[in-house]
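S.K.: See structure31.cif below, with mmCIF, C-alpha atoms.
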data_run
#
loop_
_atom_site.label_atom_id
_atom_site.label_comp_id
_atom_site.auth_asym_id
_atom_site.auth_seq_id
_atom_site.Cartn_x
_atom_site.Cartn_y
_atom_site.Cartn_z
CA MET S 602 90.49 119.15 74.82
CA SER S 603 93.20 116.95 73.35
CA LEU S 604 95.59 114.46 74.90
CA LYS S 605 98.65 116.49 75.88
CA VAL S 606 99.88 115.03 79.18
CA ILE S 607 99.73 111.35 80.15
CA LEU S 608 100.45 110.38 83.74
CA LEU S 609 101.80 106.84 83.90
CA ALA S 610 101.62 105.37 87.40
CA THR S 611 104.04 102.50 87.98
CA ASP S 612 104.79 100.09 90.78
CA PHE S 613 107.67 98.63 88.71
CA SER S 614 105.74 95.40 88.08
CA THR S 615 105.05 93.53 84.84
CA ARG S 616 101.54 94.96 84.93
CA SER S 617 103.00 98.48 84.99
CA ASP S 618 105.31 97.56 82.10
CA ARG S 619 102.25 96.86 79.94
CA ALA S 620 100.87 100.24 80.94
CA LEU S 621 104.13 101.92 79.95
CA ARG S 622 104.05 100.41 76.49
CA ARG S 623 100.43 101.47 75.96
CA ALA S 624 101.25 104.98 77.20
CA ALA S 625 104.12 105.17 74.71
CA MET S 626 101.83 104.13 71.84
CA LEU S 627 99.25 106.77 72.76
CA ALA S 628 101.92 109.45 73.19
CA LYS S 629 103.42 108.76 69.76
CA ALA S 630 99.97 108.78 68.15
CA THR S 631 98.86 112.04 69.78
CA GLY S 632 102.08 113.95 70.46
CA ALA S 633 101.42 113.89 74.20
CA ARG S 634 104.21 113.92 76.73
CA ILE S 635 104.45 111.38 79.55
CA VAL S 636 105.01 111.91 83.25
CA VAL S 637 106.01 108.70 85.04
CA THR S 638 105.24 108.51 88.74
CA HIS S 639 105.67 106.11 91.61
CA VAL S 640 103.95 106.74 94.94
CA ILE S 641 105.71 105.88 98.18
CA ASP S 642 104.10 105.40 101.57
CA ASP S 643 104.92 108.40 103.74
CA ASP S 644 103.29 106.94 106.86
CA GLN S 645 106.55 105.48 108.18
CA PRO S 646 109.80 106.68 109.78
CA GLU S 647 111.38 109.68 108.05
CA LYS S 648 114.64 107.87 107.27
CA LEU S 649 112.76 105.05 105.57
CA VAL S 650 110.66 107.52 103.59
CA SER S 651 113.84 109.29 102.45
CA LEU S 652 115.46 106.00 101.43
CA GLU S 653 112.40 104.85 99.49
CA ARG S 654 112.14 108.22 97.78
CA GLN S 655 115.78 108.02 96.64
CA THR S 656 115.32 104.46 95.42
CA ALA S 657 112.12 105.32 93.54
CA ASP S 658 113.77 108.36 91.96
CA THR S 659 116.69 106.22 90.75
CA MET S 660 114.39 103.58 89.29
CA LEU S 661 112.21 106.17 87.56
CA ARG S 662 115.27 107.84 86.05
CA GLU S 663 116.39 104.46 84.73
CA ILE S 664 112.99 103.85 83.12
CA VAL S 665 112.90 107.29 81.52
CA GLY S 666 116.45 107.01 80.21
CA SER S 667 116.61 103.40 79.08
CA ARG S 668 113.29 102.29 77.66
CA ALA S 669 113.36 102.15 73.87
CA GLU S 670 109.58 102.62 73.70
CA LEU S 671 109.98 106.13 75.12
CA ALA S 672 112.48 107.31 72.51
CA GLY S 673 111.34 110.50 70.82
CA ILE S 674 108.71 111.22 73.47
CA GLY S 675 108.91 114.03 76.00
CA VAL S 676 109.18 112.19 79.33
CA SER S 677 109.70 113.33 82.91
CA HIS S 678 109.23 111.68 86.29
CA VAL S 679 107.83 112.53 89.72
CA VAL S 680 107.98 110.64 93.02
CA GLY S 681 104.63 110.99 94.79
CA SER S 682 103.75 110.19 98.39
CA GLY S 683 100.74 109.07 100.38
CA GLU S 684 98.18 106.36 99.83
CA PRO S 685 98.56 105.05 96.26
CA PHE S 686 95.53 106.52 94.53
CA VAL S 687 95.57 109.72 96.56
CA GLY S 688 99.22 110.21 95.62
CA ILE S 689 98.51 109.48 91.97
CA ALA S 690 95.60 111.93 91.91
CA SER S 691 97.75 114.61 93.53
CA VAL S 692 100.54 114.20 90.98
CA ALA S 693 97.97 114.20 88.17
CA LEU S 694 96.64 117.57 89.30
CA ASP S 695 100.13 119.01 89.78
CA THR S 696 101.20 117.98 86.29
CA ALA S 697 97.91 118.96 84.58
CA ALA S 698 97.50 115.41 83.30
CA ASP S 699 94.71 114.73 80.84
CA LEU S 700 94.80 110.97 81.35
CA ILE S 701 96.05 108.61 84.07
CA ILE S 702 97.27 105.21 82.89
CA VAL S 703 97.66 102.33 85.34
CA GLY S 704 98.38 98.65 84.98
CA SER S 705 95.82 96.06 85.97
CA HIS S 706 95.72 95.10 89.61
CA ARG S 707 95.83 91.67 91.14
CA ARG S 708 92.26 90.55 91.05
CA GLN S 709 92.21 89.64 94.75
CA ILE S 710 93.07 93.20 95.78
CA LEU S 711 90.99 95.08 93.24
CA ARG S 712 88.20 95.50 95.77
CA ASP S 713 90.60 97.18 98.19
CA VAL S 714 91.82 99.51 95.44
CA PHE S 715 88.45 100.69 94.23
CA VAL S 716 86.34 100.51 97.39
CA GLY S 717 87.06 102.54 100.51
CA THR S 718 87.99 105.99 101.68
CA THR S 719 91.12 106.37 99.52
CA ALA S 720 89.45 105.70 96.18
CA GLU S 721 86.26 107.43 97.26
CA ARG S 722 88.16 110.69 97.71
CA VAL S 723 89.91 110.26 94.34
CA ILE S 724 86.68 109.68 92.43
CA ARG S 725 84.64 112.24 94.34
CA PHE S 726 87.14 115.05 93.82
CA GLY S 727 88.95 113.76 90.76
CA GLU S 728 88.29 114.99 87.27
CA ILE S 729 90.77 112.93 85.28
CA PRO S 730 89.94 109.87 83.15
CA VAL S 731 91.75 106.63 84.00
CA LEU S 732 92.89 103.99 81.51
CA MET S 733 93.43 100.57 83.07
CA VAL S 734 95.70 98.47 80.85
CA ASN S 735 94.91 94.77 81.12
CA ALA S 736 96.01 93.40 77.74
CA GLU S 737 99.40 93.15 76.09
CA PRO S 738 99.76 96.31 73.93
CA HIS S 739 100.93 94.87 70.63
CA ALA S 740 99.34 97.53 68.41
CA PRO S 741 96.91 100.47 68.43
CA TYR S 742 93.41 99.52 69.52
CA ALA S 743 91.77 97.53 66.73
CA ARG S 744 88.29 98.22 68.06
CA THR S 745 86.63 100.36 70.69
CA VAL S 746 83.37 99.44 72.37
CA ALA S 747 81.82 102.54 73.95
CA ALA S 748 78.97 101.74 76.30
CA ILE S 749 76.26 104.38 76.10
CA ASP S 750 73.06 104.78 78.11
CA LEU S 751 71.98 108.24 76.85
CA SER S 752 72.98 109.89 80.14
CA ASP S 753 75.18 112.96 80.56
CA CYS S 754 77.88 110.76 82.12
CA SER S 755 77.82 108.49 79.08
CA LYS S 756 77.99 111.48 76.75
CA GLY S 757 80.96 112.81 78.67
CA ALA S 758 82.78 109.50 78.28
CA VAL S 759 82.16 109.51 74.52
CA ILE S 760 83.36 113.11 74.13
CA VAL S 761 86.54 112.47 76.14
CA ALA S 762 87.36 109.23 74.30
CA ASP S 763 86.88 111.02 70.97
CA ARG S 764 89.18 113.86 72.06
CA PHE S 765 91.82 111.25 72.93
CA GLY S 766 91.57 109.73 69.44
CA MET S 767 90.04 106.50 70.72
CA LEU S 768 86.78 106.59 68.74
CA GLU S 769 87.94 106.20 65.18
CA PRO S 770 85.16 105.75 62.58
CA GLY S 771 85.20 102.18 61.32
CA ARG S 772 86.83 100.95 64.52
CA THR S 773 84.20 101.98 67.04
CA ILE S 774 80.97 100.32 68.12
CA LEU S 775 78.48 102.17 70.30
CA LEU S 776 76.91 99.59 72.59
CA HIS S 777 73.53 100.24 74.18
CA VAL S 778 71.99 97.71 76.53
CA PHE S 779 68.40 97.65 75.37
CA ASP S 780 65.62 97.05 77.88
CA PRO S 781 62.08 97.06 76.43
CA ALA S 782 60.37 97.70 79.75
CA ALA S 783 56.98 96.14 79.00
CA LYS S 784 58.24 93.02 77.22
CA GLY S 785 58.21 90.87 80.34
CA MET S 786 54.80 92.12 81.42
CA LEU S 787 53.30 91.46 78.00
CA SER S 788 54.66 87.94 78.00
CA TYR S 789 53.39 87.33 81.54
CA ALA S 790 49.96 88.63 80.51
CA GLY S 791 49.78 86.06 77.73
CA VAL S 792 50.08 88.48 74.81
CA ASP S 793 50.88 86.64 71.58
CA ALA S 794 54.46 86.50 70.32
CA ALA S 795 53.76 88.52 67.16
CA THR S 796 52.40 91.45 69.15
CA ILE S 797 55.36 91.35 71.51
CA GLU S 798 57.73 91.28 68.55
CA ARG S 799 56.06 94.35 67.04
CA TYR S 800 56.32 96.15 70.38
CA VAL S 801 60.02 95.32 70.73
CA SER S 802 60.70 96.39 67.14
CA ALA S 803 58.99 99.74 67.73
CA GLU S 804 60.98 100.24 70.94
CA GLU S 805 64.21 99.44 69.09
CA ASN S 806 63.44 102.01 66.40
CA ASP S 807 62.65 104.67 69.01
CA THR S 808 65.88 103.85 70.84
CA LYS S 809 67.94 104.05 67.66
CA ARG S 810 66.53 107.49 66.88
CA ALA S 811 67.32 108.62 70.43
CA ILE S 812 70.87 107.30 70.06
CA GLU S 813 71.36 109.15 66.77
CA GLY S 814 70.46 112.38 68.54
CA PHE S 815 72.73 111.47 71.44
CA VAL S 816 75.68 110.79 69.14
CA ALA S 817 75.15 114.04 67.26
CA SER S 818 74.97 115.99 70.53
CA ALA S 819 78.37 114.54 71.44
CA GLY S 820 79.82 116.05 68.26
CA LEU S 821 80.01 112.81 66.26
CA ASP S 822 78.52 111.88 62.91
CA PRO S 823 75.87 109.19 63.62
CA ARG S 824 76.43 107.70 60.17
CA ALA S 825 80.06 106.88 61.00
CA TYR S 826 79.41 104.97 64.23
CA PRO S 827 77.39 101.74 64.13
CA VAL S 828 75.12 101.11 67.11
CA MET S 829 74.72 97.69 68.66
CA LEU S 830 71.59 97.06 70.73
CA LYS S 831 71.65 94.09 73.09
CA GLU S 832 69.37 92.87 75.82
CA GLY S 833 70.66 91.62 79.19
CA ARG S 834 72.49 92.72 82.34
CA THR S 835 74.43 95.86 81.52
CA ALA S 836 77.80 94.82 82.99
CA THR S 837 77.55 91.31 81.54
CA VAL S 838 76.67 92.60 78.07
CA ILE S 839 79.56 95.08 78.11
CA ARG S 840 82.06 92.46 79.27
CA GLU S 841 80.91 89.80 76.82
CA THR S 842 80.77 92.18 73.85
CA ALA S 843 84.21 93.63 74.52
CA SER S 844 85.61 90.11 75.00
CA GLU S 845 84.18 88.97 71.66
CA ILE S 846 85.79 91.94 69.88
CA PRO S 847 89.43 92.51 71.01
CA SER S 848 89.11 96.08 72.09
CA LEU S 849 89.12 99.01 74.41
CA ALA S 850 85.98 99.47 76.49
CA VAL S 851 84.86 103.02 77.31
CA ILE S 852 82.51 103.62 80.23
CA GLY S 853 81.39 106.64 82.21
CA THR S 854 80.69 106.69 85.93
CA ASN S 855 77.81 108.31 87.72
CA GLY S 856 79.29 110.15 90.68
CA ARG S 857 76.19 111.61 92.24
CA SER S 858 76.23 109.42 95.34
CA GLY S 859 79.94 108.89 95.99
CA LEU S 860 82.13 105.91 95.22
CA LEU S 861 80.24 103.29 97.21
CA LYS S 862 77.18 103.98 95.07
CA VAL S 863 79.25 104.40 91.90
CA LEU S 864 81.43 101.31 91.90
CA LEU S 865 80.42 98.85 94.59
CA GLY S 866 78.21 96.35 92.81
CA SER S 867 77.87 98.71 89.84
CA VAL S 868 78.53 98.39 86.13
CA ALA S 869 81.89 100.17 86.24
CA GLU S 870 83.19 98.15 89.19
CA GLU S 871 82.15 94.84 87.67
CA VAL S 872 83.66 95.62 84.29
CA LEU S 873 86.95 96.74 85.87
CA GLN S 874 87.07 93.73 88.14
CA LYS S 875 86.69 91.11 85.43
CA ALA S 876 87.96 92.72 82.22
CA GLU S 877 90.80 91.13 80.27
CA TYR S 878 90.86 94.08 77.85
CA ASP S 879 91.72 97.72 78.48
CA VAL S 880 89.10 99.96 80.07
CA LEU S 881 88.86 103.75 79.91
CA VAL S 882 86.82 105.09 82.83
CA VAL S 883 85.65 108.70 82.59
CA PRO S 884 84.42 110.39 85.78
CA PRO S 885 81.47 112.79 85.61
CA LYS S 886 83.69 115.81 86.32
CA ALA S 887 86.02 115.22 83.37
CA PRO S 888 86.43 118.41 81.27
CA LEU S 889 84.14 118.31 78.25
CA GLU S 890 84.19 120.17 74.96
CA SER S 891 81.74 119.11 72.30
CA ALA S 892 82.82 119.29 68.68
CA ALA S 893 79.37 120.53 67.71
#
Hey, can you dump this file as structure tokens for me?
M.R.:
Amino acid sequence: MSLKVILLATDFSTRSDRALRRAAMLAKATGARIVVTHVIDDDQPEKLVSLERQTADTMLREIVGSRAELAGIGVSHVVGSGEPFVGIASVALDTAADLIIVGSHRRQILRDVFVGTTAERVIRFGEIPVLMVNAEPHAPYARTVAAIDLSDCSKGAVIVADRFGMLEPGRTILLHVFDPAAKGMLSYAGVDAATIERYVSAEENDTKRAIEGFVASAGLDPRAYPVMLKEGRTATVIRETASEIPSLAVIGTNGRSGLLKVLLGSVAEEVLQKAEYDVLVVPPKAPLESAA
């Protein structure tokens, strides 16, 4: 799987303009073509729907034909309809998009975007990774922080990001939030610090070996991707690490229990809600193809 079709969703805002510029950079780097879409609300009088559709079509044509960033890239446009994320997902399926790119949302409405029946249907039935562009796209990503937890969802996110050319050796850090389970109990039981330190060191070594196997199973060379182990709350560690290193954050979602279990109060939701950097979210149903 390579990056061949990028679906850029726009609401014609400044936030969407950042997404357009990032989409153009990725398209030029990978040879992908771009489909630009705007979704109109079809739950209103037919005449108003028709007028909004014509207006959106005109504005999309203007973007496709006038933006210098899109020169030399295969670009087309589609006007979608329905609730925003349902419409975007529908267009993505119709155009065989490999990646959906959206601009960041106003922080006060992010909860409404990612929590509720609309987004729940998109995540539950969707199979397409989403890149949320939060930062100004001045250049290709200088660094990628891929959060891994040794799960199948995490492996899927790593494989997809690699297929999209986002995990370049020398520019990628694999971040694992390390939790030595018995450390707190040993401390509470009064075990001396030296013994606890030896226990933690042994746990770290075991975890590093497990990560090496995980990386290899994802089709990557473990020697080319440094691993960073950190202790703490998973979402907090991911956010702080990515903030310290100007970067793209890559995370997978666990879709077993539906969106309310996946995002509400979860790692993915918290990272998306507070990130000032770009975030690639890979759903568990994303098509996978290991390089191994």
S.K.: For each of S:Ile701, S:Ala633, S:Ala625, S:Ala795, take the minimum atom-to-atom distance to Met733 in chain S, counting all atoms listed in the file, then give the residue where this is smallest.
M.R.: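 Closest residue, counting all atoms listed in the file: S:Ile701.
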S.K.: S:Asp753, S:Ala758, S:Ser802, S:Arg824: which is nearest Gly771 in chain S, counting all atoms listed in the file?
M.R.: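 When distances to Gly771 in chain S are compared using all atoms listed in the file, the smallest one comes from S:Arg824.
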S.K.: From the list S:Thr808, S:Ala850, S:Ser755, S:Ala825, which residue is nearest Pro770 in chain S when using all atoms listed in the file?
M.R.: S:Ala825
S.K.: From the options S:Leu604, S:Ala819, S:Val746, S:Ala630, which residue's atoms come nearest to Thr842 in chain S, counting all atoms listed in the file?
M.R.: S:Val746
S.K.: Skip Gly704 in chain S itself and residues of its chain fewer than 4 positions away, then list as a ChimeraX atom specification all residues within 8 Å of it, counting only C-alpha atoms.
M.R.: /S:610-611,616-620,733-735
S.K.: Residue by residue, what does the PyMOL selection byres ((chain S and resi 828) around 8) grab here? Present the result as a count of residues only.
M.R.: 9
S.K.: Could you please determine the separation between CA of Phe613 in chain S and CA of Val731 in chain S in Å, to one decimal place?
M.R.: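 Going from CA of Phe613 in chain S over to CA of Val731 in chain S covers 18.4 Å.
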S.K.: Rounded to one decimal in Å, what is the spacing between CA of Leu671 in chain S and CA of Ala736 in chain S?
M.R.: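 Separating CA of Leu671 in chain S from CA of Ala736 in chain S is a distance of 19.1 Å.
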S.K.: Please report the interatomic distance between CA of Leu732 in chain S and CA of Glu877 in chain S in Å with one decimal.
M.R.: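 These two atoms are separated by 13.1 Å.
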S.K.: For this structure, which residues satisfy the selection - the PyMOL selection byres ((chain S and resi 838) around 12) - when it is evaluated on the file as given? I want them as a list in words.
M.R.: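 On the file shown, the PyMOL selection byres ((chain S and resi 838) around 12) covers Val746, Ala747, Ala748, Ile749, Leu776, His777, Val778, Phe779, Asp780, Met829, Leu830, Lys831, Glu832, Gly833, Arg834, Thr835, Ala836, Thr837, Ile839, Arg840, Glu841, Thr842, Ala843, Ser844, Glu845, Ala850, Val868, Glu871 and Val872 of chain S.
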S.K.: Applying 10 Å and all atoms listed in the file, which residues near Ile607 in chain S remain after dropping the ones on its own chain fewer than 3 positions away? List them as an MDAnalysis selection string.
M.R.: chainID S and resid 604 610 624:625 627:628 633:637 676 693 696:702
S.K.: Identify which of the residues S:Ile760, S:Val880, S:Val640, S:Ala817 lies closest to Val687 in chain S, counting only C-alpha atoms when measuring atom-to-atom distances.
M.R.: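 Residue with the minimum atom-to-atom distance to Val687 in chain S: S:Val640.
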S.K.: Find, counting all atoms listed in the file, the residue in S:Leu849, S:Ala657, S:Ala803, S:Val761 that gets nearest to Arg744 in chain S.
M.R.: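 Residue with the minimum atom-to-atom distance to Arg744 in chain S: S:Leu849.
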S.K.: Run through the PyMOL selection byres ((chain S and resi 811) around 12) on the given coordinates and return the selected residues as number ranges by chain.
M.R.: S: 749-752, 777, 804-810, 812-818, 823, 828
